[in-house]
Structure formats: C-alpha cells, structure tokens
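Below: the structure, in structure tokens.
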Amino acid sequence: MRRQRDGVELIASENYISPAVLETMGTVFNNKYAEGYPGKRYYGGQEFTDAVETLAIERAKKLFGAGHANVQPHAGAPANVAVYFALLEPGDTVMGMDLSHGGHLTHGHPVTYMTKIFRFVRYKMKDVETGAMDYDEMRRTALEVKPKILLAGFSAYPRELDYAKMKAIADEVGAVTMADMAHIAGLIAGRQLRNPFDDGFDIITTTTHKTLRGPRGGMILTREAELGKKIDKAVFPGFQGGPIMQMIAAKAVAFGEALKPEFQTYAMQIIRNSKHLAAFFMDHGVKLVTNGTDNHLMLIDAVASWGIAGGEVERTLDRINITLNKNMIPDDQRKPMDPSGIRLGTPAITTRGMKEGEMDILGNFMLRAIEQRGDDAALASLRSDVTAFCQQFPVPGIDRHC
Ligand SMILES: Cc1ncc(COP(=O)(O)O)c(C=O)c1O
C-alpha cells in the first residue's frame with residue numbers, strides 16, 4: 001500500500017480500483033461453485049450467483065452495446081484463447097498486429113502454445129512516424145492467407161485503428177472480426193474512442209482491470225446474440241471450469257461505475273493527460289513512436305531520445321518511485337528483455353485526480369532523473385520530491401478519505 005501511495009504509477013495497463021470493487025473481490029461469493037451459466041448451472045444454491053452474473057452481463061451489454069456478454073473468462077489471455085477455440089479448427093489462420101508494432105503475446109507470439117495449434121500472420125504500420133496502418137498490405141495478405149479471424153487490438157499502439165476498413169477486408173475474405181480491446185476498453189466505455197461494434201465488428205474481448213478499472217479478469221462480447229452461444233460453450237465447458245464468482249460480482253460493480261457519467265469525464269481526462277504529457281516530452285526533444293498519442297499510452301524511443309536502453313530508464317525511474325516499463329519499439333533491433341523503448345500511460349494517475357498541470361511536473365521529474373542518473377544524491381532528493389508530490393493525490397481503496 002505504501003508503494004502504491006508513495007509512487008507514481010505510469011504502467012499503461014494498471015489502475016486503482018474503487019473501494020466498492022475492492023471490497024466485492026473479498027466477499028464470500030468465493031465459496032460458491034457455479035459451473036454453467038445463470039439459470040443453467042450444474043449445482044444448486046445459485047439464487048445469488050445467478051442474480052449477480054446476470055447483473056454483470058446486462059451492465060456489460062449496455063456499456064458496449066453488445067448483443068451478448070460472457071463475463072466468466074478468468075483474464076484477458078483466456079478470453080482470447082476461448083475465442084480461438086470457439087471459431088477455429090487446428091491449422092486455421094488468424095491475422096493480428098505485429099508484436100513489435102503493438103500487438104499482444106496472445107495474438108500469436110511464438111512462445112505461446114496457441115502457435116502450435118493455429119497459424120498467426122502479422123500486419124504492421126505503414127508509417128511509424130504517424131502510426132498509420134498499411135491497410136492495402138493488410139488486404140493483400142488477407143486475400144493470400146485467408147484468415148478465419150481478423151484481429152484488431154494491441155498493448156502498445158498509441159493510435160486508433162480503422163475498424164471499418166478492417167471489417168471491409170474481413171468481409172471480402174469471409175473472416176470473423178475480433179477486437180481485443182483490453183487496453184482501451186475504459187476509453188470505449190467512456191465514449192472517448194470508437195466502439196468496434198459500431199463498424200460491424202463481431203467480437204470484442206477485453207480485460208476488466210486496465211482502463212475499465214475493474215477487478216482482474218476478462219470478458220468476451222459479441223455484437224450478435226447468436227454468436228454468443230458458441231463463445232459460451234468454448235469458455236465453459238470447453239476451456240475453463242467454475243467461474244470466479246467474487247470477481248464476477250466485482251465486475252458487476254465496476255461496470256455499474258463505468259455506466260455513470262463521471263466515468264466519461266474520467267476517460268476524457270485520461271486522454272487529455274496522455275496528450276499533454278506526450279506534447280511535454282516532444283517539446284523537450286524526446287522521440288515518441290508515431291510522434292504522439294490518441295489514447296492513454298505513449299511509447300518513447302529511449303535510445304534515440306537519451307542514448308540509453310529502455311531498461312536503464314525503467315531502473316532509473318524506479319529509484320525515484322516512478323514506475324513504467326521497458327518496451328519494444330517497432331522493428332526493434334534489441335532483444336525483448338533489453339528493448340529500445342519505454343511505454344507509459346495515464347489511467348492510474350488520472351484516477352488519483354492528476355490533470356494537465358501535474359503532467360508537466362511529472363515530465364520534469366522524469367527528465368531530471370534521466371539526466372542525473374549517475375548521481376545518487378540527486379536521485380534520492382528527487383525521490384522525496386516525488387513522494388511528497390504524489391501523497392497529495394489519494395489512492396482509492398488505500399487513503400481513507402476517498
Ligand atoms: C491487448 C491485450 N490482450 C490481452 C491481454 C492479457 O490479459 P491478462 O494479463 O489479463 O491475461 C493483455 C494484457 O496485457 C493485453 O494488453
């Protein structure tokens with residue numbers, strides 16, 4: 001708790017949940033087995049589990065305009081795997097974003113078991129200076145490899161994808177469209193980024209714990225209710241066992257919070273903060289991948305900006321209580337454990353109430369630390385400044401007054 005209160009969390013996939021969500025995660029729902037779905041369970045005694053899972057489902061559908069929601073995936077990775085199992089036969093092809101261009105491990109990294117079963121083909125940005133994707137190349141590849149799933153989604157891409165163009169390509173080759181919105185679900189729910197369903201996408205998968213600010217968990221949404229039946233079967237009994245009911249209850253609470261108008265204000269401020277911080281860095285000669293951001297995150301080319309690898313920036317900032325992660329940049333020549341870049345984002349600090357003015361303060365802390373990285377005394381002094389600064393911004397669920 002002290003670490004979270006006394007430090008600045010800039011990891012783009014992290015957030016602070018509300019006291020209500022936190023409390024729900026620790027309830028006796030944990031004690032109940034509820035294999036199956038509301039109204040169709042394998043064990044008795046489901047009057048409260050049915051009510052709570054139905055509430056989570058209904059809120060999720062409302063939040064994203066979905067025809068069907070499965071709230072049982074234990075996390076984001078199993079949600080993606082369940083969709084693959086629902087729609088693919090062994091050997092079938094998925095087209096997803098190149099991993100060094102922002103895609104996620106579950107979109108076909110060779111270290112994952114999914115690549116032993118299915119074939120993953122990648123698409124990339126056309127121009128890393130703007131982040132524009134190469135949709136012509138995507139179409140050419142799709143016509144050639146005939147994917148069963150065209151997958152949009154990323155963990156480290158600071159721009160928006162053109163879902164309508166992707167849907168047109170998918171339709172041409174008969175592919176199902178799937179958007180893994182784990183990182184930006186809260187920005188879509190908060191009406192700040194485009195909802196892929198509005199462009200006809202078939203499936204959305206997401207985690208519930210990043211911008212969406214819920215418990216750690218996953219979820220699968222479909223636009224058409226019919227497709228939801230296949231998804232439900234793939235999640236249970238196809239892949240998982242009993243649902244984690246206290247997490248589903250906490251998802252219901254978090255979705256209730258995200259349906260409130262305040263959540264839209266929160267989502268808007270996340271992007272404002274992110275754009276402001278990105279502009280601050282660029283004004284100070286820092287090289288951002290795609291030269292800016294349209295969402296909650298940004299990627300910095302640390303080698304180009306300061307002549308040091310991402311890991312050294314991560315370690316330096318750890319010493320002043322600012323946490324972010326080293327990250328690959330597009331077509332990175334360095335190794336995944338020692339990449340050229342860093343990734344940072346604003347969801348957690350926005351939850352603490354920081355606004356544009358605080359972004360300048362944070363940016364200054366970071367630049368000073370990087371500049372003075374060999375000077376232990378300077379870093380120690382910066383660390384107490386950072387601690388004093390962030391103690392002004394209460395952490396929900398930790399500080400009593402929020
Ligand atoms: C785009 C995307 N999909 C899936 C996941 C996996 O989620 P989890 O860590 O909950 O399994 C992540 C997490 O980093 C992600 O960024």
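As shown in the structure tokens, the chain order sets the letters A, B, ...; within each chain, residues go from 1, and ligands are also counted from 1 in the order they appear.
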For chain A versus ligand 1, which residues have an atom no more than 12 Å away, and what is each residue's nearest atom pair and distance in Å rounded to one decimal, using only C-alpha atoms and all ligand atoms, chain-then-number order, as CSV?
```
residue,atom,partner,partner_atom_place_in_ligand_line,distance
A:Ile11,CA,ligand 1,14 (O),10.6
A:Ala12,CA,ligand 1,16 (O),9.2
A:Ser13,CA,ligand 1,14 (O),6.5
A:Glu14,CA,ligand 1,14 (O),9.4
A:Pro73,CA,ligand 1,10 (O),9.1
A:His74,CA,ligand 1,10 (O),7.6
A:Ala75,CA,ligand 1,10 (O),3.9
A:Gly76,CA,ligand 1,7 (O),3.3
A:Ala77,CA,ligand 1,11 (O),3.7
A:Pro78,CA,ligand 1,11 (O),6.4
A:Ala79,CA,ligand 1,11 (O),7.8
A:Asn80,CA,ligand 1,4 (C),7.0
A:Val81,CA,ligand 1,4 (C),9.8
A:Ala82,CA,ligand 1,11 (O),11.9
A:Gly96,CA,ligand 1,1 (C),10.9
A:Met97,CA,ligand 1,1 (C),10.2
A:Leu99,CA,ligand 1,1 (C),10.4
A:Gly102,CA,ligand 1,1 (C),8.6
A:Gly103,CA,ligand 1,1 (C),6.8
A:His104,CA,ligand 1,1 (C),5.1
A:Leu105,CA,ligand 1,4 (C),7.5
A:Thr106,CA,ligand 1,4 (C),6.3
A:His107,CA,ligand 1,3 (N),7.9
A:Gly108,CA,ligand 1,3 (N),11.1
A:Leu151,CA,ligand 1,1 (C),10.5
A:Ala152,CA,ligand 1,1 (C),9.1
A:Gly153,CA,ligand 1,1 (C),5.7
A:Phe154,CA,ligand 1,1 (C),4.4
A:Ser155,CA,ligand 1,16 (O),4.0
A:Ala156,CA,ligand 1,16 (O),7.7
A:Tyr157,CA,ligand 1,1 (C),9.8
A:Met178,CA,ligand 1,3 (N),11.6
A:Ala179,CA,ligand 1,1 (C),9.0
A:Asp180,CA,ligand 1,1 (C),5.5
A:Met181,CA,ligand 1,1 (C),6.1
A:Ala182,CA,ligand 1,1 (C),4.7
A:His183,CA,ligand 1,16 (O),5.4
A:Ile184,CA,ligand 1,1 (C),8.6
A:Ala185,CA,ligand 1,1 (C),9.9
A:Ile204,CA,ligand 1,3 (N),10.7
A:Thr205,CA,ligand 1,3 (N),7.8
A:Thr206,CA,ligand 1,3 (N),6.6
A:Thr207,CA,ligand 1,10 (O),5.3
A:Thr208,CA,ligand 1,10 (O),7.8
A:His209,CA,ligand 1,10 (O),7.6
A:Lys210,CA,ligand 1,13 (C),8.5
A:Thr211,CA,ligand 1,16 (O),10.8
A:Gly214,CA,ligand 1,10 (O),11.5
A:Pro215,CA,ligand 1,10 (O),10.0
A:Arg216,CA,ligand 1,10 (O),6.5
A:Gly217,CA,ligand 1,10 (O),5.8
A:Gly218,CA,ligand 1,10 (O),6.2
A:Met219,CA,ligand 1,10 (O),9.7
A:Ile220,CA,ligand 1,4 (C),11.5
A:Leu297,CA,ligand 1,16 (O),11.6
```
Leaving out Ala254 in chain A and any residue of its chain fewer than 2 positions from it, which residues lie within 8 Å of it when counting only C-alpha atoms, given as a JSON list (two decimals) with N, CA and C atoms, in the first residue's frame?
```
[["chain", "number", "residue", "atom", "x", "y", "z"],
["A", 21, "VAL", "N", -15.27, -1.91, -5.49],
["A", 21, "VAL", "CA", -14.80, -3.06, -6.27],
["A", 21, "VAL", "C", -13.86, -3.91, -5.42],
["A", 212, "LEU", "N", -10.62, 0.04, -17.82],
["A", 212, "LEU", "CA", -12.00, -0.19, -17.37],
["A", 212, "LEU", "C", -12.14, -0.14, -15.84],
["A", 213, "ARG", "N", -11.03, -0.26, -15.15],
["A", 213, "ARG", "CA", -10.93, -0.02, -13.71],
["A", 213, "ARG", "C", -11.77, -0.99, -12.87],
["A", 214, "GLY", "N", -11.74, -2.25, -13.28],
["A", 214, "GLY", "CA", -12.44, -3.27, -12.50],
["A", 214, "GLY", "C", -11.47, -4.27, -11.91],
["A", 215, "PRO", "N", -12.02, -5.40, -11.44],
["A", 215, "PRO", "CA", -11.16, -6.45, -10.88],
["A", 215, "PRO", "C", -10.34, -7.10, -11.98],
["A", 250, "ALA", "N", -17.55, -8.41, -8.62],
["A", 250, "ALA", "CA", -16.77, -7.17, -8.68],
["A", 250, "ALA", "C", -16.83, -6.55, -10.08],
["A", 251, "LYS", "N", -16.91, -7.41, -11.11],
["A", 251, "LYS", "CA", -17.09, -6.88, -12.47],
["A", 251, "LYS", "C", -18.43, -6.12, -12.54],
["A", 252, "ALA", "N", -19.47, -6.70, -11.96],
["A", 252, "ALA", "CA", -20.78, -6.03, -11.98],
["A", 252, "ALA", "C", -20.68, -4.65, -11.32],
["A", 256, "GLY", "N", -21.05, -1.05, -13.26],
["A", 256, "GLY", "CA", -22.00, -0.06, -12.75],
["A", 256, "GLY", "C", -21.33, 1.30, -12.63],
["A", 257, "GLU", "N", -20.10, 1.30, -12.15],
["A", 257, "GLU", "CA", -19.37, 2.58, -12.04],
["A", 257, "GLU", "C", -19.09, 3.16, -13.42],
["A", 258, "ALA", "N", -18.73, 2.28, -14.36],
["A", 258, "ALA", "CA", -18.38, 2.78, -15.70],
["A", 258, "ALA", "C", -19.60, 3.30, -16.45]]
```
Name all residues at most 9 Å from range 114-130 of chain A (count only C-alpha atoms; drop same-chain ones fewer than 5 positions away) and give them as number ranges by chain. A: 81, 84, 88-102, 106-109, 135, 137-138, 141, 145, 147, 159, 288-292, 330
Please build the interface table for range 297-375 of chain A against range 260-280 of chain A with a cut-off of 10 Å, listing for each qualifying residue the nearest atom pair and the distance in Å to one decimal; count only C-alpha atoms, order rows by chain and increasing number, and write it as a tab-separated table.
```
residue	atom	partner	partner_atom	distance
A:Leu297	CA	A:Ser274	CA	6.4
A:Met298	CA	A:Ala278	CA	7.0
A:Leu299	CA	A:Ala278	CA	9.2
A:Ile300	CA	A:Ala278	CA	9.2
A:Leu344	CA	A:Ser274	CA	9.0
A:Gly345	CA	A:Ser274	CA	6.6
A:Thr346	CA	A:Ile270	CA	5.6
A:Pro347	CA	A:Ile270	CA	5.6
A:Ala348	CA	A:Ile270	CA	8.6
A:Ile349	CA	A:Ile270	CA	8.4
A:Thr350	CA	A:Ile270	CA	5.7
A:Thr351	CA	A:Tyr266	CA	7.3
A:Gly353	CA	A:Tyr266	CA	9.0
A:Met354	CA	A:Asn273	CA	8.1
A:Lys355	CA	A:Asn273	CA	6.1
A:Glu356	CA	A:Asn273	CA	5.4
A:Gly357	CA	A:His276	CA	8.9
A:Glu358	CA	A:Asn273	CA	8.7
A:Met359	CA	A:Leu277	CA	5.4
A:Asp360	CA	A:Phe280	CA	6.6
A:Ile361	CA	A:Leu277	CA	9.6
A:Leu362	CA	A:Leu277	CA	8.4
A:Gly363	CA	A:Leu277	CA	6.8
A:Asn364	CA	A:Phe280	CA	8.9
```
re CA of Gln192 in chain A and CA of Leu22 in chain A: distance 25.5 Å
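Across the model, the gap from CA of Asp202 in chain A to CA of Lys230 in chain A is 12.5 Å.
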From a DSSP pass on the backbone, collect the residues of range 35-229 of chain A flagged as helix (DSSP H, G or I) and hand them back as a VMD selection string. chain A and resid 47 to 64 76 to 87 99 to 101 105 to 107 114 to 117 135 to 145 163 to 173 185 to 189 196 to 199 225 to 229
List every residue of range 110-280 of chain A that DSSP, applied to the backbone, labels as strand (DSSP E or B), and write the result as JSON, numbers by chain. {"A": [119, 120, 121, 122, 123, 125, 126, 127, 132, 133, 149, 150, 151, 152, 153, 176, 177, 178, 179, 180, 203, 204, 205, 206, 207, 218, 219, 220, 221, 222]}
Near Asp399 in chain A, within 12 Å and counting only C-alpha atoms, which residues show up once chain neighbours fewer than 5 positions away are dropped, as number ranges by chain? A: 1-2, 4-6, 16, 18-19, 352, 391-394
Once you have the residues from the selection above, write them out as a short mmCIF file (atom, residue, chain, number, x, y, z; two decimals), in the first residue's frame, restricted to C-alpha atoms.
```cif
data_model
loop_
_atom_site.label_atom_id
_atom_site.label_comp_id
_atom_site.auth_asym_id
_atom_site.auth_seq_id
_atom_site.Cartn_x
_atom_site.Cartn_y
_atom_site.Cartn_z
CA MET A 1 0.00 0.00 0.00
CA ARG A 2 2.83 2.33 0.81
CA GLN A 4 1.24 2.43 -4.38
CA ARG A 5 0.61 5.60 -2.38
CA ASP A 6 4.15 6.97 -2.42
CA TYR A 16 -6.55 1.70 -8.92
CA SER A 18 -12.61 1.77 -6.16
CA PRO A 19 -13.20 0.72 -2.52
CA ARG A 352 -5.72 9.79 -8.48
CA GLN A 391 0.93 11.99 -1.45
CA GLN A 392 -1.26 14.95 -2.36
CA PHE A 393 -3.27 12.62 -4.62
CA PRO A 394 -5.16 9.98 -2.65
#
```
Atomic distance CA of Asn295 in chain A - CA of Ala189 in chain A, expressed in Å with one decimal: 13.3 Å
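With only C-alpha atoms as the atoms that count, the minimum distance from Asp134 in chain A to the choices A:Thr112, A:Val173, A:Cys390, A:Lys165 is reached by A:Lys165.
For Glu224 in chain A, the set of protein, DNA and RNA residues having any atom at most 12 Å away, when counting only C-alpha atoms and skipping those fewer than 2 positions along the same chain, is A:Lys61, A:Gly65, A:Ala66, A:Gly67, A:His68, A:Ala69, A:Phe197, A:Gly200, A:Phe201, A:Asp202, A:Ile203, A:Ile204, A:Leu221, A:Thr222, A:Glu226, A:Leu227, A:Gly228, A:Lys229, A:Lys230, A:Ile231.
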Excluding range 30-37 of chain A and any residue of its chain fewer than 4 positions from it, enumerate the residues within 8 Å of it, using only C-alpha atoms, and give them as a ChimeraX atom specification. /A:26,41-43,46,49-50,236-237,241-246
Grab the residues selected above and save them as a tab-separated table (two decimals), in the first residue's frame with C-alpha atoms.
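Result file again03.tsv:
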```tsv
chain	number	residue	atom	x	y	z
A	26	GLY	CA	-13.16	-10.18	-0.91
A	41	ARG	CA	-25.95	-24.48	-13.55
A	42	TYR	CA	-24.56	-27.86	-12.60
A	43	TYR	CA	-25.07	-27.33	-8.85
A	46	GLN	CA	-27.45	-20.39	-7.24
A	49	THR	CA	-24.76	-16.16	-8.17
A	50	ASP	CA	-27.40	-16.11	-10.91
A	236	PHE	CA	-17.33	-23.45	-20.29
A	237	PRO	CA	-17.15	-26.41	-20.59
A	241	GLY	CA	-14.04	-24.78	-15.05
A	242	GLY	CA	-16.09	-22.93	-12.45
A	243	PRO	CA	-16.41	-19.17	-12.71
A	244	ILE	CA	-14.72	-16.99	-10.08
A	245	MET	CA	-17.91	-15.57	-8.65
A	246	GLN	CA	-16.45	-12.89	-6.38
```
Surrounding residues of Val52 in chain A excluding itself and chain neighbours under 4 positions, 9 Å, only C-alpha atoms, as a short mmCIF file (atom, residue, chain, number, x, y, z; two decimals) with N, CA and C atoms, in the first residue's frame:
```
data_model
loop_
_atom_site.label_atom_id
_atom_site.label_comp_id
_atom_site.auth_asym_id
_atom_site.auth_seq_id
_atom_site.Cartn_x
_atom_site.Cartn_y
_atom_site.Cartn_z
N GLU A 47 -29.16 -18.90 -6.26
CA GLU A 47 -30.04 -17.73 -6.38
C GLU A 47 -29.25 -16.41 -6.40
N PHE A 48 -28.14 -16.36 -5.67
CA PHE A 48 -27.39 -15.09 -5.65
C PHE A 48 -26.34 -15.01 -6.76
N ALA A 56 -23.98 -8.50 -14.03
CA ALA A 56 -22.72 -8.18 -14.72
C ALA A 56 -22.92 -8.25 -16.24
N ILE A 57 -23.63 -9.27 -16.69
CA ILE A 57 -23.87 -9.44 -18.14
C ILE A 57 -24.67 -8.27 -18.70
N MET A 245 -16.70 -16.38 -8.84
CA MET A 245 -17.91 -15.57 -8.65
C MET A 245 -17.67 -14.24 -7.95
N ILE A 248 -16.70 -11.94 -10.61
CA ILE A 248 -17.85 -11.58 -11.46
C ILE A 248 -18.71 -10.54 -10.74
N ALA A 249 -18.87 -10.72 -9.43
CA ALA A 249 -19.60 -9.71 -8.65
C ALA A 249 -18.87 -8.36 -8.72
N ALA A 252 -19.47 -6.70 -11.96
CA ALA A 252 -20.78 -6.03 -11.98
C ALA A 252 -20.68 -4.65 -11.32
#
```
